[in-house]
file structure-v8.txt (compact mmCIF, C-alpha atoms and all ligand atoms)
# COMPACT_ATOMS: atom_id res chain seq x y z
CA MET A 1 -13.01 13.97 -31.00
CA LEU A 2 -12.33 17.70 -30.81
CA ALA A 3 -9.53 18.80 -33.12
CA ALA A 4 -7.84 22.07 -34.01
CA SER A 5 -5.61 22.12 -37.10
CA ASP A 6 -3.06 24.77 -38.02
CA ILE A 7 -4.71 27.46 -35.92
CA THR A 8 -3.28 30.95 -36.12
CA TYR A 9 -5.02 33.72 -34.23
CA LYS A 10 -3.83 37.34 -34.20
CA ILE A 11 -4.98 40.56 -32.62
CA GLY A 12 -3.45 43.48 -34.49
CA SER A 13 0.20 42.67 -34.96
CA LYS A 14 0.29 40.26 -31.98
CA THR A 15 0.13 36.53 -32.73
CA LEU A 16 -1.70 34.86 -29.83
CA LEU A 17 -1.76 31.37 -31.38
CA ASP A 18 0.85 30.36 -33.91
CA ASN A 19 0.04 27.34 -36.10
CA VAL A 20 -1.44 25.25 -33.31
CA SER A 21 -2.66 21.72 -33.99
CA VAL A 22 -4.07 19.56 -31.22
CA ALA A 23 -6.73 16.88 -30.76
CA PHE A 24 -8.72 15.72 -27.74
CA GLU A 25 -10.35 12.30 -27.47
CA PRO A 26 -13.41 11.24 -25.51
CA ALA A 27 -13.14 9.24 -22.28
CA LYS A 28 -9.81 10.89 -21.47
CA LEU A 29 -8.94 13.69 -19.10
CA ASN A 30 -7.28 16.27 -21.37
CA LEU A 31 -5.57 19.11 -19.53
CA ILE A 32 -3.97 22.23 -20.99
CA ILE A 33 -1.19 23.83 -18.94
CA GLY A 34 1.22 26.69 -19.52
CA PRO A 35 2.48 29.93 -18.01
CA ASN A 36 0.45 33.12 -17.68
CA GLY A 37 -0.19 34.75 -21.03
CA ALA A 38 0.77 31.60 -22.97
CA GLY A 39 -2.45 31.48 -24.97
CA LYS A 40 -4.46 28.81 -23.10
CA SER A 41 -7.69 30.82 -22.78
CA THR A 42 -7.28 32.03 -26.35
CA LEU A 43 -7.03 28.42 -27.52
CA ILE A 44 -10.14 27.53 -25.49
CA LYS A 45 -12.00 30.45 -27.07
CA VAL A 46 -10.98 29.36 -30.57
CA LEU A 47 -12.07 25.79 -29.78
CA CYS A 48 -15.47 27.23 -28.75
CA ASN A 49 -15.81 29.65 -31.70
CA GLN A 50 -15.75 32.65 -29.33
CA HIS A 51 -12.66 33.70 -31.30
CA ILE A 52 -12.54 33.07 -35.04
CA ALA A 53 -9.09 31.89 -36.13
CA ASP A 54 -7.29 33.78 -38.89
CA HIS A 55 -6.17 30.45 -40.24
CA GLY A 56 -6.98 26.80 -39.55
CA THR A 57 -10.00 24.71 -38.64
CA VAL A 58 -11.74 23.39 -35.55
CA THR A 59 -13.79 20.22 -35.88
CA TYR A 60 -16.19 18.43 -33.56
CA ASP A 61 -16.62 14.74 -34.44
CA GLY A 62 -14.89 15.57 -37.72
CA LYS A 63 -17.40 18.29 -38.64
CA ASP A 64 -16.26 21.88 -39.05
CA ILE A 65 -17.43 24.00 -36.12
CA ASN A 66 -18.87 26.55 -38.57
CA LYS A 67 -21.25 23.91 -39.95
CA PHE A 68 -23.05 23.63 -36.58
CA SER A 69 -25.87 26.00 -35.66
CA VAL A 70 -25.42 27.77 -32.32
CA ALA A 71 -28.30 25.71 -30.87
CA GLU A 72 -26.94 22.42 -32.19
CA LEU A 73 -23.57 23.06 -30.60
CA ALA A 74 -25.07 24.24 -27.31
CA GLN A 75 -27.01 20.99 -26.99
CA ARG A 76 -23.80 18.96 -27.05
CA ARG A 77 -21.10 21.25 -25.78
CA ALA A 78 -20.91 23.04 -22.45
CA VAL A 79 -18.28 25.66 -21.64
CA LEU A 80 -17.24 26.88 -18.23
CA SER A 81 -15.59 30.27 -18.71
CA GLN A 82 -13.59 32.29 -16.21
CA ASN A 83 -15.10 35.15 -14.17
CA ILE A 84 -18.80 34.48 -14.64
CA GLU A 85 -20.87 37.39 -13.38
CA LEU A 86 -24.64 37.22 -13.02
CA ALA A 87 -26.39 40.54 -12.81
CA PHE A 88 -29.81 39.26 -11.66
CA PRO A 89 -30.80 37.77 -8.31
CA LEU A 90 -31.39 34.12 -9.18
CA THR A 91 -31.69 31.03 -7.04
CA VAL A 92 -29.10 28.28 -7.37
CA GLU A 93 -31.67 26.08 -9.12
CA GLU A 94 -32.43 28.84 -11.64
CA VAL A 95 -28.72 29.25 -12.41
CA VAL A 96 -28.37 25.51 -12.98
CA MET A 97 -31.49 25.54 -15.17
CA MET A 98 -29.72 28.07 -17.44
CA GLY A 99 -27.65 25.08 -18.59
CA ARG A 100 -30.84 23.50 -19.92
CA TYR A 101 -31.91 26.56 -22.00
CA PRO A 102 -30.60 25.06 -25.29
CA HIS A 103 -32.91 22.08 -24.78
CA PHE A 104 -36.34 23.70 -24.44
CA SER A 105 -38.32 26.66 -25.69
CA GLY A 106 -40.85 28.19 -23.32
CA GLN A 107 -41.01 26.12 -20.16
CA PRO A 108 -38.58 23.42 -18.99
CA GLU A 109 -39.84 19.86 -19.16
CA GLN A 110 -39.60 17.14 -16.53
CA LYS A 111 -36.33 15.87 -18.00
CA ASP A 112 -34.80 19.35 -17.60
CA PHE A 113 -35.78 19.47 -13.91
CA THR A 114 -34.40 15.94 -13.47
CA ALA A 115 -31.09 16.87 -15.13
CA CYS A 116 -30.75 19.93 -12.85
CA LYS A 117 -31.59 17.96 -9.72
CA GLU A 118 -29.18 15.17 -10.56
CA ALA A 119 -26.38 17.57 -11.56
CA MET A 120 -26.89 19.57 -8.33
CA THR A 121 -26.73 16.36 -6.29
CA PHE A 122 -23.63 15.27 -8.19
CA PHE A 123 -21.83 18.52 -7.34
CA ASP A 124 -23.08 18.68 -3.78
CA VAL A 125 -25.16 21.86 -4.18
CA ALA A 126 -28.70 20.37 -4.00
CA ALA A 127 -29.13 21.59 -0.42
CA MET A 128 -28.57 25.16 -1.70
CA ALA A 129 -31.18 24.92 -4.50
CA ASP A 130 -33.33 27.76 -3.11
CA ARG A 131 -30.46 30.02 -2.00
CA ASN A 132 -29.86 33.36 -3.69
CA TYR A 133 -26.83 32.69 -5.92
CA ILE A 134 -25.15 36.01 -5.18
CA THR A 135 -24.98 35.22 -1.45
CA LEU A 136 -22.79 32.15 -2.06
CA SER A 137 -19.04 31.98 -1.47
CA GLY A 138 -16.66 31.86 -4.42
CA GLY A 139 -16.19 28.08 -4.15
CA GLU A 140 -19.92 27.45 -3.78
CA LYS A 141 -20.62 29.57 -6.86
CA GLN A 142 -18.04 27.59 -8.81
CA ARG A 143 -19.73 24.29 -7.85
CA VAL A 144 -23.08 25.71 -8.96
CA HIS A 145 -21.54 26.48 -12.35
CA PHE A 146 -20.20 22.91 -12.55
CA ALA A 147 -23.77 21.71 -12.01
CA ARG A 148 -24.99 24.17 -14.68
CA VAL A 149 -22.55 23.09 -17.40
CA VAL A 150 -22.92 19.40 -16.63
CA ALA A 151 -26.75 19.72 -16.60
CA GLN A 152 -26.38 21.15 -20.13
CA ILE A 153 -24.90 17.88 -21.41
CA TRP A 154 -26.57 15.55 -18.90
CA TYR A 155 -28.17 13.30 -21.54
CA PRO A 156 -26.24 11.83 -24.49
CA PRO A 157 -27.26 13.33 -27.87
CA LYS A 158 -28.80 11.12 -30.57
CA GLU A 159 -25.43 10.93 -32.25
CA GLY A 160 -21.88 12.07 -31.64
CA SER A 161 -19.97 13.02 -28.52
CA ARG A 162 -20.68 15.45 -25.73
CA TYR A 163 -18.06 18.12 -24.98
CA LEU A 164 -17.14 19.74 -21.69
CA ILE A 165 -14.69 22.64 -21.93
CA LEU A 166 -13.39 24.12 -18.71
CA ASP A 167 -11.26 27.26 -18.45
CA GLU A 168 -9.52 27.19 -15.06
CA PRO A 169 -12.30 25.31 -13.24
CA LEU A 170 -10.32 24.97 -10.01
CA THR A 171 -10.09 28.69 -9.21
CA PHE A 172 -11.87 29.42 -5.89
CA LEU A 173 -11.88 25.77 -4.78
CA ASP A 174 -10.19 24.55 -1.61
CA VAL A 175 -7.97 21.49 -1.85
CA TYR A 176 -10.82 19.11 -0.91
CA TYR A 177 -13.09 20.40 -3.67
CA GLN A 178 -10.22 20.52 -6.20
CA PHE A 179 -9.70 16.79 -5.76
CA ASP A 180 -13.44 16.17 -5.49
CA PHE A 181 -13.95 17.93 -8.82
CA MET A 182 -11.20 15.93 -10.53
CA TYR A 183 -12.69 12.66 -9.25
CA LYS A 184 -16.13 13.73 -10.46
CA VAL A 185 -14.82 14.57 -13.92
CA MET A 186 -13.16 11.15 -13.99
CA GLU A 187 -16.52 9.61 -13.11
CA LEU A 188 -18.20 11.56 -15.93
CA ILE A 189 -15.70 10.45 -18.55
CA LYS A 190 -16.44 6.80 -17.73
CA GLN A 191 -19.57 7.40 -19.83
CA GLN A 192 -17.15 7.16 -22.80
CA ASP A 193 -18.83 9.75 -25.05
CA ILE A 194 -17.67 12.90 -23.24
CA VAL A 195 -14.67 14.88 -24.46
CA VAL A 196 -13.26 16.89 -21.55
CA VAL A 197 -10.75 19.68 -22.10
CA GLY A 198 -9.64 21.74 -19.11
CA VAL A 199 -7.11 24.46 -18.39
CA VAL A 200 -5.34 24.10 -15.04
CA HIS A 201 -2.40 25.83 -13.38
CA ASP A 202 -1.61 23.20 -10.76
CA LEU A 203 1.01 20.96 -12.38
CA ASN A 204 0.70 18.37 -9.59
CA LEU A 205 -3.02 18.01 -10.28
CA ALA A 206 -2.20 17.52 -13.96
CA ALA A 207 0.48 14.99 -12.93
CA ARG A 208 -2.04 13.13 -10.80
CA PHE A 209 -5.11 13.08 -13.02
CA ALA A 210 -4.42 13.87 -16.70
CA ASP A 211 -4.49 11.24 -19.43
CA LYS A 212 -3.16 13.80 -21.87
CA VAL A 213 -1.33 17.04 -21.16
CA VAL A 214 -0.87 19.89 -23.65
CA LEU A 215 1.76 22.43 -22.69
CA VAL A 216 1.20 25.81 -24.32
CA CYS A 217 3.94 28.44 -24.36
CA ASN A 218 4.21 31.70 -26.32
CA GLY A 219 1.17 30.80 -28.43
CA LYS A 220 2.62 27.45 -29.50
CA ILE A 221 2.31 23.86 -28.35
CA LEU A 222 5.57 23.13 -26.59
CA ALA A 223 4.66 19.54 -25.73
CA ASP A 224 1.66 17.26 -26.18
CA GLY A 225 1.33 13.71 -24.87
CA SER A 226 1.03 11.65 -21.69
CA LYS A 227 1.88 13.34 -18.39
CA LYS A 228 5.20 11.46 -18.33
CA GLU A 229 6.07 12.73 -21.78
CA VAL A 230 5.09 16.34 -21.12
CA LEU A 231 5.91 16.95 -17.45
CA THR A 232 9.67 16.72 -17.80
CA LYS A 233 12.35 18.89 -16.19
CA GLU A 234 13.28 20.23 -19.63
CA ASN A 235 9.74 21.21 -20.59
CA ILE A 236 9.03 22.83 -17.20
CA LYS A 237 12.26 24.82 -17.47
CA ALA A 238 11.51 25.91 -21.03
CA ALA A 239 7.95 27.00 -20.22
CA TYR A 240 8.16 28.34 -16.66
CA HIS A 241 11.89 29.08 -16.25
CA MET A 242 11.82 26.99 -13.05
CA GLU A 243 13.89 24.01 -11.96
CA ALA A 244 11.63 21.13 -10.96
CA ASP A 245 12.44 17.85 -9.25
CA ILE A 246 10.18 15.19 -10.68
CA THR A 247 9.70 11.88 -8.91
CA SER A 248 7.70 8.84 -9.91
CA HIS A 249 6.41 6.54 -7.17
CA ASN A 250 4.03 3.64 -7.84
CA GLY A 251 3.31 5.18 -11.23
CA LYS A 252 2.44 8.56 -9.64
CA LEU A 253 4.35 11.61 -10.80
CA GLN A 254 5.10 14.42 -8.40
CA LEU A 255 6.78 17.76 -9.04
CA PHE A 256 8.72 19.75 -6.46
CA PHE A 257 9.90 23.31 -6.95
N1 LIG B 1 -7.70 41.58 -26.82
C1 LIG B 1 -6.39 41.42 -26.68
N2 LIG B 1 -5.52 42.31 -27.18
C2 LIG B 1 -4.18 42.16 -27.05
N3 LIG B 1 -3.62 41.11 -26.43
C3 LIG B 1 -4.44 40.19 -25.91
C4 LIG B 1 -5.85 40.27 -26.00
N4 LIG B 1 -6.39 39.20 -25.40
C5 LIG B 1 -5.36 38.48 -24.93
N5 LIG B 1 -4.20 39.08 -25.24
C6 LIG B 1 -2.85 38.59 -24.90
O1 LIG B 1 -2.68 37.29 -25.47
C7 LIG B 1 -1.85 36.51 -24.63
C8 LIG B 1 -2.55 35.18 -24.33
O2 LIG B 1 -3.65 35.43 -23.48
P1 LIG B 1 -4.46 34.25 -22.81
O3 LIG B 1 -5.55 34.86 -22.00
O4 LIG B 1 -4.83 33.27 -23.86
O5 LIG B 1 -3.36 33.60 -21.86
P2 LIG B 1 -3.48 32.43 -20.80
O6 LIG B 1 -2.48 31.40 -21.17
O7 LIG B 1 -4.88 31.97 -20.68
O8 LIG B 1 -2.99 33.18 -19.50
P3 LIG B 1 -3.38 33.07 -17.93
O9 LIG B 1 -2.73 31.83 -17.42
O10 LIG B 1 -2.69 34.30 -17.39
O11 LIG B 1 -4.87 33.10 -17.80
C9 LIG B 1 -1.55 37.36 -23.41
O12 LIG B 1 -0.30 37.95 -23.57
C10 LIG B 1 -2.63 38.42 -23.43
O13 LIG B 1 -2.21 39.63 -22.83
call {"tool": "encode", "arguments": {"input": "structure-v8.txt", "output": "C-alpha cells", "more": "lines below"}}
Ligand SMILES: Nc1ncnc2c1ncn2[C@@H]1O[C@H](COP(=O)(O)OP(=O)(O)OP(=O)(O)O)[C@@H](O)[C@H]1O
result
Amino acid sequence: MLAASDITYKIGSKTLLDNVSVAFEPAKLNLIIGPNGAGKSTLIKVLCNQHIADHGTVTYDGKDINKFSVAELAQRRAVLSQNIELAFPLTVEEVVMMGRYPHFSGQPEQKDFTACKEAMTFFDVAAMADRNYITLSGGEKQRVHFARVVAQIWYPPKEGSRYLILDEPLTFLDVYYQFDFMYKVMELIKQQDIVVVGVVHDLNLAARFADKVVLVCNGKILADGSKKEVLTKENIKAAYHMEADITSHNGKLQLFF
C-alpha cells in the first residue's frame, strides 16, 4: 500500500497541495485525474520524494518514505516522469537497461538482460533494441520508457510490494497504444504485489479501466472512490466547469461532453 497522510506542500505563499490524504492498494488500477494545474504532478512528486512535503507523511508498505535508502526504494519503485530527455546517443536496449541500474554495480548480470528483453517484448519494442533512441517517434520513445520502468521492477522483491508510478503515461500514444498500454498494466497488476498509480487526462479511459479514481482540484482531493462514485456530473462540473452526460451500459461508464 502507498499512502499519503495530511500532505501540505507550498512554494512561497502558494499552496500546491492542501491537507491531502489518499491511499493506493496493490492489484488495483489507481488513476489520478483533475484539471490542468490541479496539483496532480505535484502529488506524484511528493509520493516519490522528489518534493518534500511541508506537512504530512508518505508511507510505502506502512514504512515512512524517509526511512528507505535511495537504492532500496529504486529497487522496488519505478517512476515514469513527464518530458524525459536523454542527452546521449543510446540504443533502445541501453535505455531500457537504465531501469536495471539500481540492481547491479559494475556490469549487468544475466537476470538484468533477461528483464530488459522480456520488458521490451512485453511493450512491443524488442525489434527496435539496436535502434538509436533519439531517432524514434514520440510514441515509440514512450513505449521504450514503459519497458525501462517495468524492467526496473520486473522481479518481485524479497518482501513488500512493487510500485509503478506513472505521470501522464498516455501522452504521445495513438488510440491503439493507449488501450494497449492500459491492457498491459491490467496484466501486470494480476501479479497482485504491484501498486500502480497513474495520472491521466482522458476521463473515458479512467471510466473504462480504473478500479479507483482520485479527482484532484485546486490542490485538494475533490473525490476519491470507484469510477462510479467519482465520475459524476456534479464532480465533473465542479472540477472542469463542463456539463457531462454520463451513461452506464453493461456496467461500462461513458462520458459525453
Ligand atoms: N515551482 C513552482 N512555483 C510556483 N508554482 C508552481 C511551481 N510548480 C508548480 N506550480 C503550480 O502548482 C500548480 C500545480 O501544478 P501541477 O504541475 O501539480 O499541476 P497538474 O495537475 O499536474 O497540471 P497539468 O494537468 O497541467 O499537468 C500549478 O498551478 C502550477 O503552476
call {"tool": "closest_residue", "arguments": {"input": "structure-v8.txt", "among": "A:Gln152, A:Thr171, A:Met97, A:Ile134", "to": "Gln82 in chain A", "atoms": "only C-alpha atoms"}}
result
A:Thr171
call {"tool": "atom_distance", "arguments": {"input": "structure-v8.txt", "atom1": "CA of Leu2 in chain A", "atom2": "CA of Lys212 in chain A"}}
result
13.4 Å
call {"tool": "axis_aligned_box", "arguments": {"input": "structure-v8.txt", "around": "ligand LIG 1 (chain B)", "padding_each_side": "4 Å", "output": "AutoDock Vina command-line options"}}
result
--center_x -4.0 --center_y 36.9 --center_z -22.3 --size_x 15.4 --size_y 18.9 --size_z 17.8
call {"tool": "closest_residue", "arguments": {"input": "structure-v8.txt", "among": "A:Ala53, A:Leu43, A:Ala147, A:Val70", "to": "ligand LIG 1 (chain B)", "atoms": "all atoms listed in the file"}}
result
A:Leu43
call {"tool": "closest_residue", "arguments": {"input": "structure-v8.txt", "among": "A:Val58, A:Leu188, A:Leu215, A:Ala244", "to": "Ala27 in chain A", "atoms": "only C-alpha atoms"}}
result
A:Leu188
call {"tool": "closest_residue", "arguments": {"input": "structure-v8.txt", "among": "A:Leu222, A:Asp202, A:Cys48, A:Thr121", "to": "Glu234 in chain A", "atoms": "all atoms listed in the file"}}
result
A:Leu222
call {"tool": "closest_residue", "arguments": {"input": "structure-v8.txt", "among": "A:Asp64, A:Ile33, A:Ala127, A:Phe257", "to": "Met242 in chain A", "atoms": "only C-alpha atoms"}}
result
A:Phe257
call {"tool": "closest_residue", "arguments": {"input": "structure-v8.txt", "among": "A:Thr114, A:Thr59, A:Thr8, A:Thr247", "to": "Glu93 in chain A", "atoms": "all atoms listed in the file"}}
result
A:Thr114
call {"tool": "residues_near_ligand", "arguments": {"input": "structure-v8.txt", "ligand": "ligand LIG 1 (chain B)", "cutoff": "10 Å", "atoms": "all atoms listed in the file", "output": "ChimeraX atom specification"}}
result
/A:9-17,32-46,82,167-168,199-201,216-219
call {"tool": "write_last_selection", "arguments": {"input": "structure-v8.txt", "atoms": "C-alpha atoms", "output": "PDB file, keeping the file's coordinate frame"}}
result
ATOM      1  CA  TYR A   9      -5.020  33.720 -34.230  1.00  0.00           C
ATOM      2  CA  LYS A  10      -3.830  37.340 -34.200  1.00  0.00           C
ATOM      3  CA  ILE A  11      -4.980  40.560 -32.620  1.00  0.00           C
ATOM      4  CA  GLY A  12      -3.450  43.480 -34.490  1.00  0.00           C
ATOM      5  CA  SER A  13       0.200  42.670 -34.960  1.00  0.00           C
ATOM      6  CA  LYS A  14       0.290  40.260 -31.980  1.00  0.00           C
ATOM      7  CA  THR A  15       0.130  36.530 -32.730  1.00  0.00           C
ATOM      8  CA  LEU A  16      -1.700  34.860 -29.830  1.00  0.00           C
ATOM      9  CA  LEU A  17      -1.760  31.370 -31.380  1.00  0.00           C
ATOM     10  CA  ILE A  32      -3.970  22.230 -20.990  1.00  0.00           C
ATOM     11  CA  ILE A  33      -1.190  23.830 -18.940  1.00  0.00           C
ATOM     12  CA  GLY A  34       1.220  26.690 -19.520  1.00  0.00           C
ATOM     13  CA  PRO A  35       2.480  29.930 -18.010  1.00  0.00           C
ATOM     14  CA  ASN A  36       0.450  33.120 -17.680  1.00  0.00           C
ATOM     15  CA  GLY A  37      -0.190  34.750 -21.030  1.00  0.00           C
ATOM     16  CA  ALA A  38       0.770  31.600 -22.970  1.00  0.00           C
ATOM     17  CA  GLY A  39      -2.450  31.480 -24.970  1.00  0.00           C
ATOM     18  CA  LYS A  40      -4.460  28.810 -23.100  1.00  0.00           C
ATOM     19  CA  SER A  41      -7.690  30.820 -22.780  1.00  0.00           C
ATOM     20  CA  THR A  42      -7.280  32.030 -26.350  1.00  0.00           C
ATOM     21  CA  LEU A  43      -7.030  28.420 -27.520  1.00  0.00           C
ATOM     22  CA  ILE A  44     -10.140  27.530 -25.490  1.00  0.00           C
ATOM     23  CA  LYS A  45     -12.000  30.450 -27.070  1.00  0.00           C
ATOM     24  CA  VAL A  46     -10.980  29.360 -30.570  1.00  0.00           C
ATOM     25  CA  GLN A  82     -13.590  32.290 -16.210  1.00  0.00           C
ATOM     26  CA  ASP A 167     -11.260  27.260 -18.450  1.00  0.00           C
ATOM     27  CA  GLU A 168      -9.520  27.190 -15.060  1.00  0.00           C
ATOM     28  CA  VAL A 199      -7.110  24.460 -18.390  1.00  0.00           C
ATOM     29  CA  VAL A 200      -5.340  24.100 -15.040  1.00  0.00           C
ATOM     30  CA  HIS A 201      -2.400  25.830 -13.380  1.00  0.00           C
ATOM     31  CA  VAL A 216       1.200  25.810 -24.320  1.00  0.00           C
ATOM     32  CA  CYS A 217       3.940  28.440 -24.360  1.00  0.00           C
ATOM     33  CA  ASN A 218       4.210  31.700 -26.320  1.00  0.00           C
ATOM     34  CA  GLY A 219       1.170  30.800 -28.430  1.00  0.00           C
TER      35      GLY A 219
END
call {"tool": "residues_around", "arguments": {"input": "structure-v8.txt", "residues": "Val150 in chain A", "least_positions_apart": "6", "cutoff": "8 Å", "atoms": "all atoms listed in the file", "output": "count of residues only"}}
result
4
call {"tool": "atom_distance", "arguments": {"input": "structure-v8.txt", "atom1": "CA of Val92 in chain A", "atom2": "CA of Val144 in chain A"}}
result
6.7 Å
call {"tool": "residues_around", "arguments": {"input": "structure-v8.txt", "residues": "Thr232 in chain A", "least_positions_apart": "6", "cutoff": "10 Å", "atoms": "all atoms listed in the file", "output": "list of chain:residue names"}}
result
A:Ala223, A:Ala238, A:Ala244, A:Asp245, A:Ile246, A:Leu255
call {"tool": "atom_distance", "arguments": {"input": "structure-v8.txt", "atom1": "CA of Val22 in chain A", "atom2": "CA of Tyr60 in chain A"}}
result
12.4 Å
call {"tool": "residues_near_point", "arguments": {"input": "structure-v8.txt", "point": "(-18.4, 31.6, -15.1)", "cutoff": "12 Å", "atoms": "all atoms listed in the file", "output": "ChimeraX atom specification"}}
result
/A:78-86,95-96,99,138-139,141-149,165-172
call {"tool": "residues_around", "arguments": {"input": "structure-v8.txt", "residues": "Asp193 in chain A", "least_positions_apart": "4", "cutoff": "7 Å", "atoms": "all atoms listed in the file", "output": "short mmCIF file (atom, residue, chain, number, x, y, z; two decimals) with C-alpha atoms, keeping the file's coordinate frame"}}
result
data_model
loop_
_atom_site.label_atom_id
_atom_site.label_comp_id
_atom_site.auth_asym_id
_atom_site.auth_seq_id
_atom_site.Cartn_x
_atom_site.Cartn_y
_atom_site.Cartn_z
CA PRO A 26 -13.41 11.24 -25.51
CA ALA A 27 -13.14 9.24 -22.28
CA SER A 161 -19.97 13.02 -28.52
CA ARG A 162 -20.68 15.45 -25.73
#
call {"tool": "residues_around", "arguments": {"input": "structure-v8.txt", "residues": "Ser248 in chain A", "least_positions_apart": "3", "cutoff": "12 Å", "atoms": "all atoms listed in the file", "output": "ChimeraX atom specification"}}
result
/A:204,207-208,227-228,231-232,245,251-256
call {"tool": "write_last_selection", "arguments": {"input": "structure-v8.txt", "atoms": "C-alpha atoms", "output": "PDB file, in the coordinates of the input"}}
result
ATOM      1  CA  ASN A 204       0.700  18.370  -9.590  1.00  0.00           C
ATOM      2  CA  ALA A 207       0.480  14.990 -12.930  1.00  0.00           C
ATOM      3  CA  ARG A 208      -2.040  13.130 -10.800  1.00  0.00           C
ATOM      4  CA  LYS A 227       1.880  13.340 -18.390  1.00  0.00           C
ATOM      5  CA  LYS A 228       5.200  11.460 -18.330  1.00  0.00           C
ATOM      6  CA  LEU A 231       5.910  16.950 -17.450  1.00  0.00           C
ATOM      7  CA  THR A 232       9.670  16.720 -17.800  1.00  0.00           C
ATOM      8  CA  ASP A 245      12.440  17.850  -9.250  1.00  0.00           C
ATOM      9  CA  GLY A 251       3.310   5.180 -11.230  1.00  0.00           C
ATOM     10  CA  LYS A 252       2.440   8.560  -9.640  1.00  0.00           C
ATOM     11  CA  LEU A 253       4.350  11.610 -10.800  1.00  0.00           C
ATOM     12  CA  GLN A 254       5.100  14.420  -8.400  1.00  0.00           C
ATOM     13  CA  LEU A 255       6.780  17.760  -9.040  1.00  0.00           C
ATOM     14  CA  PHE A 256       8.720  19.750  -6.460  1.00  0.00           C
TER      15      PHE A 256
END
call {"tool": "build_atoms", "arguments": {"input": "structure-v8.txt", "residues": "range 128-142 of chain A", "atoms": "N, CA and C atoms", "output": "mmCIF file, keeping the file's coordinate frame"}}
result
data_model
loop_
_atom_site.group_PDB
_atom_site.id
_atom_site.type_symbol
_atom_site.label_atom_id
_atom_site.label_comp_id
_atom_site.auth_asym_id
_atom_site.auth_seq_id
_atom_site.Cartn_x
_atom_site.Cartn_y
_atom_site.Cartn_z
ATOM 1 N N MET A 128 -28.540 23.701 -1.521
ATOM 2 C CA MET A 128 -28.570 25.160 -1.700
ATOM 3 C C MET A 128 -29.545 25.585 -2.793
ATOM 4 N N ALA A 129 -30.349 24.659 -3.302
ATOM 5 C CA ALA A 129 -31.180 24.920 -4.500
ATOM 6 C C ALA A 129 -31.957 26.236 -4.420
ATOM 7 N N ASP A 130 -32.473 26.568 -3.223
ATOM 8 C CA ASP A 130 -33.330 27.760 -3.110
ATOM 9 C C ASP A 130 -32.553 29.005 -2.661
ATOM 10 N N ARG A 131 -31.240 28.859 -2.446
ATOM 11 C CA ARG A 131 -30.460 30.020 -2.000
ATOM 12 C C ARG A 131 -30.300 31.031 -3.124
ATOM 13 N N ASN A 132 -30.163 32.296 -2.738
ATOM 14 C CA ASN A 132 -29.860 33.360 -3.690
ATOM 15 C C ASN A 132 -28.388 33.180 -4.114
ATOM 16 N N TYR A 133 -28.173 32.986 -5.403
ATOM 17 C CA TYR A 133 -26.830 32.690 -5.920
ATOM 18 C C TYR A 133 -25.799 33.721 -5.455
ATOM 19 N N ILE A 134 -26.177 34.999 -5.461
ATOM 20 C CA ILE A 134 -25.150 36.010 -5.180
ATOM 21 C C ILE A 134 -24.690 36.015 -3.714
ATOM 22 N N THR A 135 -25.411 35.287 -2.851
ATOM 23 C CA THR A 135 -24.980 35.220 -1.450
ATOM 24 C C THR A 135 -23.992 34.065 -1.212
ATOM 25 N N LEU A 136 -23.685 33.298 -2.243
ATOM 26 C CA LEU A 136 -22.790 32.150 -2.060
ATOM 27 C C LEU A 136 -21.325 32.580 -2.023
ATOM 28 N N SER A 137 -20.491 31.727 -1.447
ATOM 29 C CA SER A 137 -19.040 31.980 -1.470
ATOM 30 C C SER A 137 -18.503 31.676 -2.863
ATOM 31 N N GLY A 138 -17.263 32.086 -3.104
ATOM 32 C CA GLY A 138 -16.660 31.860 -4.420
ATOM 33 C C GLY A 138 -16.639 30.388 -4.815
ATOM 34 N N GLY A 139 -16.253 29.524 -3.866
ATOM 35 C CA GLY A 139 -16.190 28.080 -4.150
ATOM 36 C C GLY A 139 -17.562 27.486 -4.385
ATOM 37 N N GLU A 140 -18.536 27.962 -3.587
ATOM 38 C CA GLU A 140 -19.920 27.450 -3.780
ATOM 39 C C GLU A 140 -20.447 27.864 -5.149
ATOM 40 N N LYS A 141 -20.179 29.115 -5.524
ATOM 41 C CA LYS A 141 -20.620 29.570 -6.860
ATOM 42 C C LYS A 141 -20.013 28.699 -7.952
ATOM 43 N N GLN A 142 -18.725 28.394 -7.785
ATOM 44 C CA GLN A 142 -18.040 27.590 -8.810
ATOM 45 C C GLN A 142 -18.707 26.219 -8.936
#
